[in-house]
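The structure file target-v7.pdb is reproduced below (PDB, C-alpha atoms and all ligand atoms).
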```
ATOM      1  CA  MET E   7      80.664  85.951  85.235
ATOM      2  CA  GLU E   8      82.953  86.754  88.146
ATOM      3  CA  ASN E   9      81.900  90.374  88.469
ATOM      4  CA  THR E  10      78.180  89.791  88.094
ATOM      5  CA  VAL E  11      76.089  90.912  91.059
ATOM      6  CA  VAL E  12      72.543  90.562  89.719
ATOM      7  CA  SER E  13      71.671  88.158  86.935
ATOM      8  CA  ALA E  14      68.381  87.130  85.411
ATOM      9  CA  SER E  15      67.937  84.199  83.103
ATOM     10  CA  ASN E  16      64.645  83.651  81.276
ATOM     11  CA  PHE E  17      62.940  85.555  84.055
ATOM     12  CA  ASN E  18      59.186  86.237  83.812
ATOM     13  CA  ALA E  19      56.615  88.066  85.923
ATOM     14  CA  TRP E  20      52.830  88.284  85.838
ATOM     15  CA  PHE E  21      49.950  90.150  87.420
ATOM     16  CA  GLY E  22      47.314  87.418  87.282
ATOM     17  CA  ASP E  23      47.204  86.475  83.569
ATOM     18  CA  ASN E  24      48.958  89.639  82.476
ATOM     19  CA  HIS E  25      52.473  88.592  81.437
ATOM     20  CA  VAL E  26      54.449  91.790  82.035
ATOM     21  CA  VAL E  27      58.112  90.687  82.169
ATOM     22  CA  LYS E  28      58.997  88.234  79.411
ATOM     23  CA  ASP E  29      62.020  85.956  79.378
ATOM     24  CA  VAL E  30      64.456  88.582  80.571
ATOM     25  CA  THR E  31      68.125  87.580  80.586
ATOM     26  CA  ILE E  32      70.652  90.116  81.854
ATOM     27  CA  ASN E  33      73.933  90.268  83.805
ATOM     28  CA  ILE E  34      74.591  93.364  85.889
ATOM     29  CA  GLU E  35      78.131  93.891  87.051
ATOM     30  CA  LYS E  36      79.451  95.163  90.356
ATOM     31  CA  ASN E  37      79.801  98.932  90.800
ATOM     32  CA  GLN E  38      77.964  99.703  87.638
ATOM     33  CA  CYS E  39      75.150 102.157  87.299
ATOM     34  CA  VAL E  40      72.498 100.664  85.020
ATOM     35  CA  ALA E  41      69.596 102.699  83.651
ATOM     36  CA  VAL E  42      66.359 100.890  82.796
ATOM     37  CA  MET E  43      64.338 102.699  80.146
ATOM     38  CA  GLY E  44      61.302 102.079  78.007
ATOM     39  CA  PRO E  45      57.778 103.281  77.292
ATOM     40  CA  SER E  46      55.171 103.415  80.005
ATOM     41  CA  GLY E  47      53.770 100.054  81.069
ATOM     42  CA  CYS E  48      56.586  97.968  79.552
ATOM     43  CA  GLY E  49      57.467  96.229  82.853
ATOM     44  CA  LYS E  50      60.437  98.280  84.112
ATOM     45  CA  THR E  51      59.113  98.806  87.629
ATOM     46  CA  THR E  52      57.822  95.259  87.839
ATOM     47  CA  PHE E  53      61.247  93.892  86.933
ATOM     48  CA  LEU E  54      62.865  96.182  89.513
ATOM     49  CA  ARG E  55      60.401  95.057  92.187
ATOM     50  CA  CYS E  56      61.149  91.406  91.420
ATOM     51  CA  ILE E  57      64.846  91.989  92.115
ATOM     52  CA  ASN E  58      64.145  92.706  95.788
ATOM     53  CA  ARG E  59      61.110  90.456  96.141
ATOM     54  CA  MET E  60      58.579  93.275  96.384
ATOM     55  CA  HIS E  61      56.557  92.085  93.385
ATOM     56  CA  GLU E  62      55.158  89.144  95.363
ATOM     57  CA  LEU E  63      53.627  91.522  97.921
ATOM     58  CA  ILE E  64      50.902  92.347  95.374
ATOM     59  CA  PRO E  65      48.015  89.834  95.429
ATOM     60  CA  GLY E  66      48.016  87.686  92.262
ATOM     61  CA  ALA E  67      51.572  88.677  91.315
ATOM     62  CA  THR E  68      53.819  85.759  90.329
ATOM     63  CA  ALA E  69      57.291  85.231  88.886
ATOM     64  CA  LYS E  70      59.226  82.401  87.278
ATOM     65  CA  GLY E  71      62.779  81.877  86.036
ATOM     66  CA  SER E  72      66.188  82.485  87.501
ATOM     67  CA  LEU E  73      67.088  85.702  89.289
ATOM     68  CA  LYS E  74      70.320  85.714  91.265
ATOM     69  CA  LEU E  75      72.243  87.879  93.699
ATOM     70  CA  TYR E  76      75.796  86.647  93.044
ATOM     71  CA  SER E  77      75.277  82.865  92.917
ATOM     72  CA  ASP E  78      72.182  82.725  95.142
ATOM     73  CA  GLU E  79      68.677  82.432  93.739
ATOM     74  CA  ILE E  80      66.841  85.497  95.043
ATOM     75  CA  TYR E  81      63.523  83.619  95.094
ATOM     76  CA  THR E  82      64.864  80.978  97.501
ATOM     77  CA  MET E  83      66.460  83.510  99.877
ATOM     78  CA  ASN E  84      64.762  85.020 102.915
ATOM     79  CA  PRO E  85      62.885  88.028 101.451
ATOM     80  CA  ILE E  86      63.724  90.219 104.440
ATOM     81  CA  TYR E  87      67.447  89.536 103.925
ATOM     82  CA  VAL E  88      67.027  90.169 100.179
ATOM     83  CA  ARG E  89      65.584  93.600 100.968
ATOM     84  CA  TYR E  90      68.572  94.465 103.206
ATOM     85  CA  LYS E  91      71.012  93.469 100.515
ATOM     86  CA  ILE E  92      68.991  95.018  97.691
ATOM     87  CA  GLY E  93      67.652  98.339  98.928
ATOM     88  CA  MET E  94      65.067 100.410  97.126
ATOM     89  CA  VAL E  95      64.409 104.107  96.716
ATOM     90  CA  PHE E  96      61.035 105.165  95.314
ATOM     91  CA  GLN E  97      59.709 107.918  93.091
ATOM     92  CA  ARG E  98      58.363 110.021  95.961
ATOM     93  CA  PRO E  99      60.605 110.437  98.982
ATOM     94  CA  ASN E 100      58.932 108.391 101.718
ATOM     95  CA  PRO E 101      60.642 108.998 105.064
ATOM     96  CA  PHE E 102      58.575 107.705 107.996
ATOM     97  CA  PRO E 103      56.644 110.846 108.968
ATOM     98  CA  ASN E 104      56.640 110.174 112.700
ATOM     99  CA  LEU E 105      60.319 109.319 112.979
ATOM    100  CA  SER E 106      63.288 111.616 113.469
ATOM    101  CA  ILE E 107      66.046 111.838 110.871
ATOM    102  CA  TYR E 108      68.172 109.572 113.095
ATOM    103  CA  ASP E 109      65.430 106.962 113.482
ATOM    104  CA  ASN E 110      64.596 107.082 109.769
ATOM    105  CA  VAL E 111      68.166 106.088 108.911
ATOM    106  CA  ILE E 112      68.098 103.096 111.237
ATOM    107  CA  ALA E 113      64.447 102.204 110.556
ATOM    108  CA  GLY E 114      65.454  98.873 108.951
ATOM    109  CA  TYR E 115      67.147  97.817 112.197
ATOM    110  CA  LYS E 116      64.266  98.961 114.422
ATOM    111  CA  LEU E 117      61.449  97.530 112.293
ATOM    112  CA  ASN E 118      63.140  94.149 112.148
ATOM    113  CA  GLY E 119      64.026  94.113 115.851
ATOM    114  CA  LEU E 120      67.777  93.940 115.177
ATOM    115  CA  LYS E 121      69.611  94.698 118.422
ATOM    116  CA  VAL E 122      72.582  96.974 117.793
ATOM    117  CA  PRO E 123      74.511  98.897 120.509
ATOM    118  CA  LYS E 124      73.782 102.649 120.577
ATOM    119  CA  ALA E 125      77.378 103.570 119.717
ATOM    120  CA  ASP E 126      77.216 101.373 116.612
ATOM    121  CA  LEU E 127      73.891 102.912 115.607
ATOM    122  CA  ASP E 128      75.420 106.400 115.975
ATOM    123  CA  ASN E 129      78.192 105.286 113.696
ATOM    124  CA  ILE E 130      75.790 103.783 111.135
ATOM    125  CA  VAL E 131      73.729 106.992 111.106
ATOM    126  CA  GLN E 132      76.774 109.194 110.555
ATOM    127  CA  LYS E 133      78.288 106.940 107.891
ATOM    128  CA  SER E 134      75.016 106.490 106.001
ATOM    129  CA  LEU E 135      74.145 110.187 106.024
ATOM    130  CA  THR E 136      77.687 111.018 104.923
ATOM    131  CA  SER E 137      77.469 108.550 102.038
ATOM    132  CA  ALA E 138      74.121 110.065 101.063
ATOM    133  CA  ALA E 139      75.748 113.552 101.067
ATOM    134  CA  LEU E 140      73.349 114.727 103.783
ATOM    135  CA  TRP E 141      75.404 114.638 107.005
ATOM    136  CA  ASN E 142      76.612 118.236 106.898
ATOM    137  CA  GLU E 143      73.095 119.523 106.335
ATOM    138  CA  VAL E 144      71.429 117.563 109.151
ATOM    139  CA  LYS E 145      74.102 116.753 111.740
ATOM    140  CA  ASP E 146      72.702 119.373 114.131
ATOM    141  CA  SER E 147      69.075 118.323 113.688
ATOM    142  CA  LEU E 148      69.210 114.532 113.808
ATOM    143  CA  HIS E 149      66.321 114.370 116.253
ATOM    144  CA  LYS E 150      63.975 116.518 114.195
ATOM    145  CA  LYS E 151      61.378 114.832 111.989
ATOM    146  CA  GLY E 152      62.589 113.808 108.529
ATOM    147  CA  THR E 153      59.549 115.411 106.939
ATOM    148  CA  PHE E 154      60.896 118.903 107.733
ATOM    149  CA  LEU E 155      63.552 118.412 105.092
ATOM    150  CA  SER E 156      63.215 119.565 101.475
ATOM    151  CA  GLY E 157      62.126 117.014  98.858
ATOM    152  CA  GLY E 158      65.693 116.485  97.676
ATOM    153  CA  GLN E 159      66.963 116.109 101.245
ATOM    154  CA  GLN E 160      64.157 113.646 101.996
ATOM    155  CA  GLN E 161      65.176 111.587  98.971
ATOM    156  CA  ARG E 162      68.796 111.569 100.197
ATOM    157  CA  LEU E 163      67.479 110.516 103.631
ATOM    158  CA  CYS E 164      65.738 107.571 101.933
ATOM    159  CA  ILE E 165      69.029 106.744 100.209
ATOM    160  CA  ALA E 166      70.768 106.872 103.624
ATOM    161  CA  ARG E 167      68.111 104.504 104.994
ATOM    162  CA  ALA E 168      68.905 102.011 102.218
ATOM    163  CA  ILE E 169      72.678 102.439 102.738
ATOM    164  CA  ALA E 170      72.344 101.812 106.497
ATOM    165  CA  MET E 171      71.495  98.162 105.813
ATOM    166  CA  GLU E 172      74.831  97.674 104.005
ATOM    167  CA  PRO E 173      73.286  96.705 100.683
ATOM    168  CA  GLU E 174      75.070  95.290  97.657
ATOM    169  CA  VAL E 175      72.592  96.809  95.242
ATOM    170  CA  ILE E 176      70.351  99.863  95.388
ATOM    171  CA  LEU E 177      67.279 100.005  93.143
ATOM    172  CA  PHE E 178      65.857 103.398  92.225
ATOM    173  CA  ASP E 179      62.391 103.772  90.706
ATOM    174  CA  GLU E 180      62.276 107.157  88.948
ATOM    175  CA  PRO E 181      64.070 108.673  91.944
ATOM    176  CA  THR E 182      64.106 112.268  90.733
ATOM    177  CA  SER E 183      60.793 112.588  88.945
ATOM    178  CA  ALA E 184      59.224 114.328  91.955
ATOM    179  CA  LEU E 185      62.223 116.636  92.540
ATOM    180  CA  ASP E 186      63.115 120.122  91.338
ATOM    181  CA  PRO E 187      66.142 120.541  89.014
ATOM    182  CA  ILE E 188      68.592 121.462  91.795
ATOM    183  CA  SER E 189      67.605 118.490  93.968
ATOM    184  CA  THR E 190      67.702 116.286  90.868
ATOM    185  CA  SER E 191      71.216 117.406  90.157
ATOM    186  CA  SER E 192      72.354 116.670  93.736
ATOM    187  CA  VAL E 193      70.869 113.156  93.584
ATOM    188  CA  GLU E 194      72.488 112.564  90.169
ATOM    189  CA  GLN E 195      75.832 113.702  91.560
ATOM    190  CA  LEU E 196      75.346 111.226  94.371
ATOM    191  CA  PHE E 197      74.933 108.344  91.905
ATOM    192  CA  HIS E 198      78.522 108.869  90.769
ATOM    193  CA  GLU E 199      79.721 108.553  94.370
ATOM    194  CA  LEU E 200      77.417 105.663  95.321
ATOM    195  CA  LYS E 201      78.544 103.417  92.520
ATOM    196  CA  GLU E 202      82.044 103.351  94.029
ATOM    197  CA  LYS E 203      80.544 101.152  96.747
ATOM    198  CA  TYR E 204      77.265  99.786  95.419
ATOM    199  CA  THR E 205      75.665  98.560  92.219
ATOM    200  CA  LEU E 206      72.872 100.888  91.113
ATOM    201  CA  ILE E 207      69.841 100.044  88.959
ATOM    202  CA  ILE E 208      67.739 103.065  88.063
ATOM    203  CA  VAL E 209      64.389 103.122  86.266
ATOM    204  CA  THR E 210      64.153 106.468  84.542
ATOM    205  CA  HIS E 211      62.009 108.079  81.859
ATOM    206  CA  ASN E 212      64.569 110.803  81.483
ATOM    207  CA  MET E 213      66.964 109.935  78.678
ATOM    208  CA  GLN E 214      69.289 112.816  79.502
ATOM    209  CA  GLN E 215      69.520 111.475  83.020
ATOM    210  CA  ALA E 216      70.278 107.969  81.778
ATOM    211  CA  ALA E 217      73.008 109.426  79.561
ATOM    212  CA  ARG E 218      74.461 111.490  82.424
ATOM    213  CA  VAL E 219      74.558 108.863  85.136
ATOM    214  CA  SER E 220      74.580 105.340  83.743
ATOM    215  CA  ASP E 221      77.331 103.081  82.450
ATOM    216  CA  LYS E 222      74.893 100.718  80.804
ATOM    217  CA  THR E 223      71.304 101.006  79.693
ATOM    218  CA  ALA E 224      68.626  98.328  79.436
ATOM    219  CA  PHE E 225      65.788  99.084  77.026
ATOM    220  CA  PHE E 226      62.483  97.330  77.731
ATOM    221  CA  TYR E 227      59.592  97.147  75.294
ATOM    222  CA  VAL E 228      56.281  95.388  76.016
ATOM    223  CA  GLY E 229      57.870  93.285  78.750
ATOM    224  CA  GLU E 230      60.925  92.221  76.763
ATOM    225  CA  LEU E 231      64.485  93.334  77.298
ATOM    226  CA  VAL E 232      65.177  94.477  73.763
ATOM    227  CA  GLU E 233      68.706  95.761  74.208
ATOM    228  CA  PHE E 234      71.322  96.051  76.963
ATOM    229  CA  ASP E 235      74.511  97.853  76.129
ATOM    230  CA  ASP E 236      76.951 100.583  77.090
ATOM    231  CA  THR E 237      74.907 103.748  77.449
ATOM    232  CA  LYS E 238      77.060 105.658  74.923
ATOM    233  CA  GLN E 239      76.636 102.927  72.365
ATOM    234  CA  MET E 240      72.893 102.689  72.985
ATOM    235  CA  PHE E 241      72.378 106.410  72.487
ATOM    236  CA  THR E 242      74.600 106.718  69.455
ATOM    237  CA  ALA E 243      74.124 103.444  67.603
ATOM    238  CA  PRO E 244      71.357 101.266  69.041
ATOM    239  CA  SER E 245      71.201  97.835  67.510
ATOM    240  CA  ASP E 246      67.410  97.422  67.537
ATOM    241  CA  VAL E 247      64.978  99.564  65.585
ATOM    242  CA  ARG E 248      62.631  99.737  68.632
ATOM    243  CA  THR E 249      65.387 101.307  70.721
ATOM    244  CA  GLN E 250      66.155 103.683  67.869
ATOM    245  CA  ASN E 251      62.486 104.689  67.645
ATOM    246  CA  TYR E 252      62.312 105.275  71.392
ATOM    247  CA  ILE E 253      65.419 107.392  71.695
ATOM    248  CA  THR E 254      64.465 109.471  68.699
ATOM    249  CA  GLY E 255      61.066 110.119  70.277
ATOM    250  CA  ARG E 256      58.965 108.131  67.814
ATOM    251  CA  PHE E 257      57.062 106.682  70.742
ATOM    252  CA  SER E 258      57.014 107.462  74.419
TER     253      SER E 258
HETATM  254  N1  LIG L   1      49.724  96.480  91.048
HETATM  255  C1  LIG L   1      49.409  96.064  89.810
HETATM  256  N2  LIG L   1      48.369  95.256  89.589
HETATM  257  C2  LIG L   1      48.037  94.830  88.348
HETATM  258  N3  LIG L   1      48.741  95.178  87.233
HETATM  259  C3  LIG L   1      49.778  95.995  87.399
HETATM  260  C4  LIG L   1      50.188  96.479  88.683
HETATM  261  N4  LIG L   1      51.285  97.267  88.532
HETATM  262  C5  LIG L   1      51.544  97.274  87.202
HETATM  263  N5  LIG L   1      50.649  96.516  86.520
HETATM  264  C6  LIG L   1      50.629  96.297  85.076
HETATM  265  O1  LIG L   1      51.860  95.696  84.681
HETATM  266  C7  LIG L   1      52.329  96.253  83.460
HETATM  267  C8  LIG L   1      53.749  96.769  83.654
HETATM  268  O2  LIG L   1      53.724  97.842  84.593
HETATM  269  P1  LIG L   1      55.055  98.515  85.154
HETATM  270  O3  LIG L   1      54.629  99.470  86.215
HETATM  271  O4  LIG L   1      56.018  97.468  85.500
HETATM  272  O5  LIG L   1      55.556  99.291  83.865
HETATM  273  P2  LIG L   1      56.618 100.456  83.744
HETATM  274  O6  LIG L   1      57.378 100.185  82.510
HETATM  275  O7  LIG L   1      57.372 100.618  84.992
HETATM  276  O8  LIG L   1      55.637 101.695  83.519
HETATM  277  P3  LIG L   1      55.823 103.249  83.911
HETATM  278  O9  LIG L   1      56.974 103.726  83.122
HETATM  279  O10 LIG L   1      54.527 103.858  83.477
HETATM  280  O11 LIG L   1      56.033 103.304  85.395
HETATM  281  C9  LIG L   1      51.313  97.314  83.057
HETATM  282  O12 LIG L   1      50.430  96.715  82.122
HETATM  283  C10 LIG L   1      50.589  97.625  84.336
HETATM  284  O13 LIG L   1      49.254  97.992  84.071
END
```
Could you quickly redo this structure as structure tokens?
Amino acid sequence: MENTVVSASNFNAWFGDNHVVKDVTINIEKNQCVAVMGPSGCGKTTFLRCINRMHELIPGATAKGSLKLYSDEIYTMNPIYVRYKIGMVFQRPNPFPNLSIYDNVIAGYKLNGLKVPKADLDNIVQKSLTSAALWNEVKDSLHKKGTFLSGGQQQRLCIARAIAMEPEVILFDEPTSALDPISTSSVEQLFHELKEKYTLIIVTHNMQQAARVSDKTAFFYVGELVEFDDTKQMFTAPSDVRTQNYITGRFS
């Protein structure tokens, strides 16, 4: 489909013999916010980590099937390039503790030895922090360590770090589960702004959050993608009894 940014077709992933993502087929469209839900251990994070080639960093982890960014097979692309284009934000904010706010934002450039003129880096830092709704709070302390920020600010700094690489897609793995309600709300607000420019895929255990922020929801169960539909539809009239059981709290 013309608007599809990420697509999987009969995609599978394993840890050794443990088959944890089973024949997943999905098309994710540009500028959508997609929530990925399901009980613990059903393969949500593994699927997310396949999308930016992080799964293979674990010894014994393998994958098979088609997974594309636009029309390119992700598993034949350069993994470093994949991780620029498909950024990731983790459960716990993980700014580099020894780097300043400024250097955290441009860490992807520094770590990969990309030579960019200082004026351009200044511009990237300002633009990325602005897009992550953090610029006004940190513009006078760019050279202080990122770890002095609050948890919510640190998470927005990690979002700015992903944005700095000009991604197409940003993956979020339970991005607010370590944050207080106010920080959670500011990150959720940010999702609405970010999807104007990027495609967002968010693993969340929080159904209210999925309902608040996502356009579409994917429901995983024991490694299978059981249902993928408009979030409203999924929460009001799911088509599969397993989804129904999950959203009504019959299993967690
Ligand atoms: N590093 C690893 N090594 C071996 N097995 C793993 C590893 N990470 C996850 N698994 C296994 O893969 C399966 C899927 O795990 P995954 O983390 O993808 O599930 P999840 O749906 O994201 O769970 P949760 O909601 O609890 O985070 C589980 O059986 C888990 O034990």
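Among the candidates E:Val26, E:Cys39, E:Ala69, E:Ala138, the one nearest to Thr237 of chain E when counting all atoms listed in the file is E:Cys39.
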**OP:** Please evaluate the PyMOL selection byres (((not hetatm)) within 6 of (chain L and resi 1)) against the structure above and give the resulting residues as a list in words.
**Re:** Phe21, Val26, Pro45, Ser46, Gly47, Cys48, Gly49, Lys50, Thr51 and Thr52 of chain E
Running the PyMOL selection byres (((chain E and resi 155) around 12) and not hetatm) on this model by hand, what would come out? Give it as a short mmCIF file (atom, residue, chain, number, x, y, z; two decimals) with C-alpha atoms, keeping the file's coordinate frame.
```cif
data_model
loop_
_atom_site.label_atom_id
_atom_site.label_comp_id
_atom_site.auth_asym_id
_atom_site.auth_seq_id
_atom_site.Cartn_x
_atom_site.Cartn_y
_atom_site.Cartn_z
CA PRO E 99 60.60 110.44 98.98
CA ASN E 100 58.93 108.39 101.72
CA PRO E 101 60.64 109.00 105.06
CA PRO E 103 56.64 110.85 108.97
CA SER E 106 63.29 111.62 113.47
CA ILE E 107 66.05 111.84 110.87
CA LEU E 140 73.35 114.73 103.78
CA GLU E 143 73.10 119.52 106.34
CA VAL E 144 71.43 117.56 109.15
CA SER E 147 69.08 118.32 113.69
CA LEU E 148 69.21 114.53 113.81
CA LYS E 150 63.98 116.52 114.20
CA LYS E 151 61.38 114.83 111.99
CA GLY E 152 62.59 113.81 108.53
CA THR E 153 59.55 115.41 106.94
CA PHE E 154 60.90 118.90 107.73
CA SER E 156 63.22 119.56 101.48
CA GLY E 157 62.13 117.01 98.86
CA GLY E 158 65.69 116.48 97.68
CA GLN E 159 66.96 116.11 101.24
CA GLN E 160 64.16 113.65 102.00
CA GLN E 161 65.18 111.59 98.97
CA ARG E 162 68.80 111.57 100.20
CA LEU E 163 67.48 110.52 103.63
CA CYS E 164 65.74 107.57 101.93
CA SER E 189 67.60 118.49 93.97
#
```
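The closest residue to Thr31 of chain E, picked from E:Lys133, E:Lys74, E:Lys121, E:Lys145 and counting all atoms listed in the file, is E:Lys74.
Minimum distance to Leu117 of chain E across E:Ile207, E:Met171, E:Met60, E:Leu75 (counting all atoms listed in the file) occurs at E:Met171.
You can rank E:Phe102, E:Tyr108, E:Phe53, E:Tyr87 by their closest distance to Lys28 of chain E using only C-alpha atoms, and at the top of that list sits E:Phe53.
The environment of Ala41 of chain E within 6 Å, counting all atoms listed in the file and disregarding residues fewer than 6 places along the same chain, consists of Ile207, Ile208, Val209, Ala216, Ser220 and Thr223 of chain E.
The space separating atom CA of Pro123 of chain E from atom CA of Ile86 of chain E comes to 21.2 Å.
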Can you take the partial segment 87-105 of chain E, add N, CA and C atoms, and return it as a PDB file, in the frame of the given file?
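Contents of the output file selection-v5.pdb:
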```pdb
ATOM      1  N   TYR E  87      66.001  89.401 104.166  1.00  0.00           N
ATOM      2  CA  TYR E  87      67.447  89.536 103.925  1.00  0.00           C
ATOM      3  C   TYR E  87      67.686  90.124 102.524  1.00  0.00           C
ATOM      4  N   VAL E  88      66.892  89.633 101.552  1.00  0.00           N
ATOM      5  CA  VAL E  88      67.027  90.169 100.179  1.00  0.00           C
ATOM      6  C   VAL E  88      66.853  91.686 100.206  1.00  0.00           C
ATOM      7  N   ARG E  89      65.863  92.144 100.978  1.00  0.00           N
ATOM      8  CA  ARG E  89      65.584  93.600 100.968  1.00  0.00           C
ATOM      9  C   ARG E  89      66.627  94.408 101.740  1.00  0.00           C
ATOM     10  N   TYR E  90      67.410  93.749 102.626  1.00  0.00           N
ATOM     11  CA  TYR E  90      68.572  94.465 103.206  1.00  0.00           C
ATOM     12  C   TYR E  90      69.644  94.623 102.142  1.00  0.00           C
ATOM     13  N   LYS E  91      69.867  93.511 101.445  1.00  0.00           N
ATOM     14  CA  LYS E  91      71.012  93.469 100.515  1.00  0.00           C
ATOM     15  C   LYS E  91      70.702  94.206  99.217  1.00  0.00           C
ATOM     16  N   ILE E  92      69.402  94.313  98.914  1.00  0.00           N
ATOM     17  CA  ILE E  92      68.991  95.018  97.691  1.00  0.00           C
ATOM     18  C   ILE E  92      67.981  96.077  98.125  1.00  0.00           C
ATOM     19  N   GLY E  93      68.502  97.256  98.419  1.00  0.00           N
ATOM     20  CA  GLY E  93      67.652  98.339  98.928  1.00  0.00           C
ATOM     21  C   GLY E  93      66.877  98.984  97.793  1.00  0.00           C
ATOM     22  N   MET E  94      65.864  99.754  98.165  1.00  0.00           N
ATOM     23  CA  MET E  94      65.067 100.410  97.126  1.00  0.00           C
ATOM     24  C   MET E  94      64.704 101.831  97.517  1.00  0.00           C
ATOM     25  N   VAL E  95      64.784 102.704  96.526  1.00  0.00           N
ATOM     26  CA  VAL E  95      64.409 104.107  96.716  1.00  0.00           C
ATOM     27  C   VAL E  95      63.315 104.397  95.685  1.00  0.00           C
ATOM     28  N   PHE E  96      62.228 105.017  96.144  1.00  0.00           N
ATOM     29  CA  PHE E  96      61.035 105.165  95.314  1.00  0.00           C
ATOM     30  C   PHE E  96      60.954 106.548  94.670  1.00  0.00           C
ATOM     31  N   GLN E  97      59.913 106.682  93.834  1.00  0.00           N
ATOM     32  CA  GLN E  97      59.709 107.918  93.091  1.00  0.00           C
ATOM     33  C   GLN E  97      59.500 109.117  94.024  1.00  0.00           C
ATOM     34  N   ARG E  98      58.608 108.933  95.000  1.00  0.00           N
ATOM     35  CA  ARG E  98      58.363 110.021  95.961  1.00  0.00           C
ATOM     36  C   ARG E  98      59.136 109.712  97.221  1.00  0.00           C
ATOM     37  N   PRO E  99      59.885 110.688  97.729  1.00  0.00           N
ATOM     38  CA  PRO E  99      60.605 110.437  98.982  1.00  0.00           C
ATOM     39  C   PRO E  99      59.596 109.993 100.049  1.00  0.00           C
ATOM     40  N   ASN E 100      59.907 108.911 100.754  1.00  0.00           N
ATOM     41  CA  ASN E 100      58.932 108.391 101.718  1.00  0.00           C
ATOM     42  C   ASN E 100      59.552 108.139 103.096  1.00  0.00           C
ATOM     43  N   PRO E 101      60.168 109.197 103.692  1.00  0.00           N
ATOM     44  CA  PRO E 101      60.642 108.998 105.064  1.00  0.00           C
ATOM     45  C   PRO E 101      59.438 108.710 105.970  1.00  0.00           C
ATOM     46  N   PHE E 102      59.675 107.955 107.056  1.00  0.00           N
ATOM     47  CA  PHE E 102      58.575 107.705 107.996  1.00  0.00           C
ATOM     48  C   PHE E 102      58.236 109.026 108.674  1.00  0.00           C
ATOM     49  N   PRO E 103      56.979 109.486 108.523  1.00  0.00           N
ATOM     50  CA  PRO E 103      56.644 110.846 108.968  1.00  0.00           C
ATOM     51  C   PRO E 103      56.765 111.055 110.472  1.00  0.00           C
ATOM     52  N   ASN E 104      56.597 109.973 111.246  1.00  0.00           N
ATOM     53  CA  ASN E 104      56.640 110.174 112.700  1.00  0.00           C
ATOM     54  C   ASN E 104      58.019 109.960 113.291  1.00  0.00           C
ATOM     55  N   LEU E 105      58.983 109.613 112.448  1.00  0.00           N
ATOM     56  CA  LEU E 105      60.319 109.319 112.979  1.00  0.00           C
ATOM     57  C   LEU E 105      61.268 110.482 112.738  1.00  0.00           C
TER      58      LEU E 105
END
```
